[in-house]
Amino acid sequence: MFMPKSLQPIKMKKITLLIIIICVRHTIFSQSLEERIVSYTVDSKQEKIKLYLKDSAGNPISNASNLLKLEDSLFLVMNAGMYQIDQSPQGLYIQEFKIIKQANKVQNAYGNFYMQPNGVFYIQNDTPKIIQTSVLKLDSNISYATQSGPMLLIGGQKHSKFIEGSKNLNIRNGVGILPNGNVLFAISKKEINFYDFAAFFQNKGCKNALYLDGFVSRAYIPSKNWIQLDGRFGVLIGVIKK
């Protein structure tokens, strides 16, 4: 459609204004997420990630309070992949190169864990990674692995089943891989939906991110003055000094 030259500057101003409004809304939304979420970025040069399940007597460690008795100077403790009533992992679990439980490849079942695709957070050749369970190839170089679900981000995109503005609210924790390869752990301070929680990792530049668990989740992050020591969990994530 032909537009008189006299109207073209008006159209450009409207487009510019629309772009500014979108940018402002995005900035406000990002700031809101920062206020609603506590996060910790692991410095791969100075810190090491380990997974824990049981103590030397074979009893579940269960929570940060108990893990702090076993490990000195923990920078972070957080519950990892989902677990059964007996605190055993619901899916794949590898600890110190040993497969404790094989991957759970059931797809048509109820619950967040089975929302496909789910995924695995693992460490291979000292490199943290997140991948969809269906394409993970196990090898002897994987020192730690925990399976959970659903994936929050896949190739930089939110999971297709997440709905903006969803009223499905819960405390949530998860993990993502930053562009520089460092690991980003996060837990919401209050209830949040999947869409917004995934957006937090997306805004940080993560390509892949994995949901760990929901309303039961706890985190011990002393540097952020976030101290939650209770809980009865399965696998725990711990960050220690190298």
# chains A, B, ... in the order shown; residues from 1 in each chain; ligands from 1
>>> residues_around(residues="A:Ala145", least_positions_apart="4", cutoff="9 Å", atoms="only C-alpha atoms", output="PyMOL selection string")
chain A and resi 51+92-95+97+99+120-124
>>> residues_around(residues="A:Phe201", least_positions_apart="6", cutoff="8 Å", atoms="only C-alpha atoms", output="PyMOL selection string")
chain A and resi 153+176+209
>>> atom_distance(atom1="atom CA of A:Asp55", atom2="atom CA of A:Leu212")
21.8 Å
>>> select_by_dssp(residues="stretch 33-205 of chain A", states="helix (DSSP H, G or I)", output="list in words")
Leu33, Glu34, Glu35, Arg36, Ala64, Ser65, Asn66, Leu67, Asn112, Phe113, Tyr114, Thr133, Ser134, Val135, Phe194, Tyr195, Asp196, Phe197, Ala198, Ala199, Phe200, Phe201, Gln202 and Asn203 of chain A
>>> write_last_selection(atoms="C-alpha atoms", output="short mmCIF file (atom, residue, chain, number, x, y, z; two decimals), in the first residue's frame")
data_model
loop_
_atom_site.label_atom_id
_atom_site.label_comp_id
_atom_site.auth_asym_id
_atom_site.auth_seq_id
_atom_site.Cartn_x
_atom_site.Cartn_y
_atom_site.Cartn_z
CA LEU A 33 12.88 -12.58 37.96
CA GLU A 34 16.15 -11.55 39.62
CA GLU A 35 14.19 -10.51 42.71
CA ARG A 36 12.20 -13.75 42.79
CA ALA A 64 22.34 -29.83 53.81
CA SER A 65 22.57 -30.06 57.58
CA ASN A 66 23.86 -33.62 57.39
CA LEU A 67 26.11 -32.98 54.39
CA ASN A 112 6.91 -33.45 36.04
CA PHE A 113 9.70 -36.02 35.80
CA TYR A 114 7.94 -37.66 32.86
CA THR A 133 17.75 -38.30 28.37
CA SER A 134 16.83 -39.84 25.03
CA VAL A 135 20.11 -38.84 23.38
CA PHE A 194 7.63 -23.14 34.61
CA TYR A 195 7.57 -20.45 31.91
CA ASP A 196 9.02 -17.75 34.14
CA PHE A 197 11.54 -20.08 35.75
CA ALA A 198 12.81 -21.16 32.33
CA ALA A 199 12.96 -17.49 31.30
CA PHE A 200 15.43 -16.82 34.11
CA PHE A 201 17.93 -19.28 32.62
CA GLN A 202 17.16 -18.08 29.10
CA ASN A 203 17.89 -14.46 30.05
#
>>> residues_around(residues="stretch 227-242 of chain A", least_positions_apart="2", cutoff="8 Å", atoms="only C-alpha atoms", output="JSON, numbers by chain")
{"A": [42, 45, 46, 47, 48, 49, 50, 51, 52, 53, 60, 61, 62, 63, 64, 65, 72, 73, 74, 75, 76, 77, 78, 79, 80, 81, 82, 83, 84, 87, 88, 89, 146, 216, 217, 218, 219, 220, 221, 222, 225]}
>>> select_by_dssp(residues="stretch 76-239 of chain A", states="strand (DSSP E or B)", output="number ranges by chain")
A: 76-79, 83, 89, 93-95, 98-101, 119-124, 127-132, 142-148, 151-154, 157-158, 170, 173-177, 183-188, 192, 209-213, 219-221, 226-227, 236-239
>>> residues_around(residues="A:Leu178", least_positions_apart="3", cutoff="8 Å", atoms="only C-alpha atoms", output="mmCIF file with C-alpha atoms, in the first residue's frame")
data_model
loop_
_atom_site.group_PDB
_atom_site.id
_atom_site.type_symbol
_atom_site.label_atom_id
_atom_site.label_comp_id
_atom_site.auth_asym_id
_atom_site.auth_seq_id
_atom_site.Cartn_x
_atom_site.Cartn_y
_atom_site.Cartn_z
ATOM 1 C CA GLY A 181 30.627 -23.289 30.405
ATOM 2 C CA ASN A 182 30.065 -22.405 34.051
ATOM 3 C CA VAL A 183 27.099 -23.896 35.877
ATOM 4 C CA LEU A 184 24.167 -21.815 37.109
ATOM 5 C CA LYS A 204 21.255 -15.575 31.428
ATOM 6 C CA GLY A 205 22.166 -17.012 28.047
ATOM 7 C CA CYS A 206 21.799 -20.706 28.865
ATOM 8 C CA LYS A 207 21.128 -22.994 25.913
#
>>> residues_around(residues="A:Asn170", least_positions_apart="3", cutoff="9 Å", atoms="only C-alpha atoms", output="ChimeraX atom specification")
/A:188,190-194,214-215
>>> atom_distance(atom1="atom CA of A:Gly91", atom2="atom CA of A:Gly119")
9.7 Å
>>> atom_distance(atom1="atom CA of A:Gly174", atom2="atom CA of A:Leu152")
8.3 Å
>>> residues_around(residues="A:Ala186", least_positions_apart="2", cutoff="6 Å", atoms="only C-alpha atoms", output="list in words")
Val38, Ser39, Asn173 and Gly174 of chain A
>>> write_last_selection(atoms="N, CA and C atoms", output="PDB file, in the first residue's frame")
ATOM      1  N   VAL A  38      16.923 -16.971  43.771  1.00  0.00           N
ATOM      2  CA  VAL A  38      18.277 -16.974  44.328  1.00  0.00           C
ATOM      3  C   VAL A  38      19.128 -17.894  43.446  1.00  0.00           C
ATOM      4  N   SER A  39      20.286 -17.408  43.021  1.00  0.00           N
ATOM      5  CA  SER A  39      21.109 -18.224  42.131  1.00  0.00           C
ATOM      6  C   SER A  39      22.566 -18.234  42.586  1.00  0.00           C
ATOM      7  N   ASN A 173      13.511 -25.490  41.671  1.00  0.00           N
ATOM      8  CA  ASN A 173      14.956 -25.316  41.538  1.00  0.00           C
ATOM      9  C   ASN A 173      15.440 -26.022  40.286  1.00  0.00           C
ATOM     10  N   GLY A 174      16.565 -25.524  39.759  1.00  0.00           N
ATOM     11  CA  GLY A 174      17.053 -26.075  38.513  1.00  0.00           C
ATOM     12  C   GLY A 174      18.504 -25.714  38.264  1.00  0.00           C
TER      13      GLY A 174
END
>>> residues_around(residues="A:Pro117", least_positions_apart="4", cutoff="7 Å", atoms="only C-alpha atoms", output="ChimeraX atom specification")
/A:132,150-151
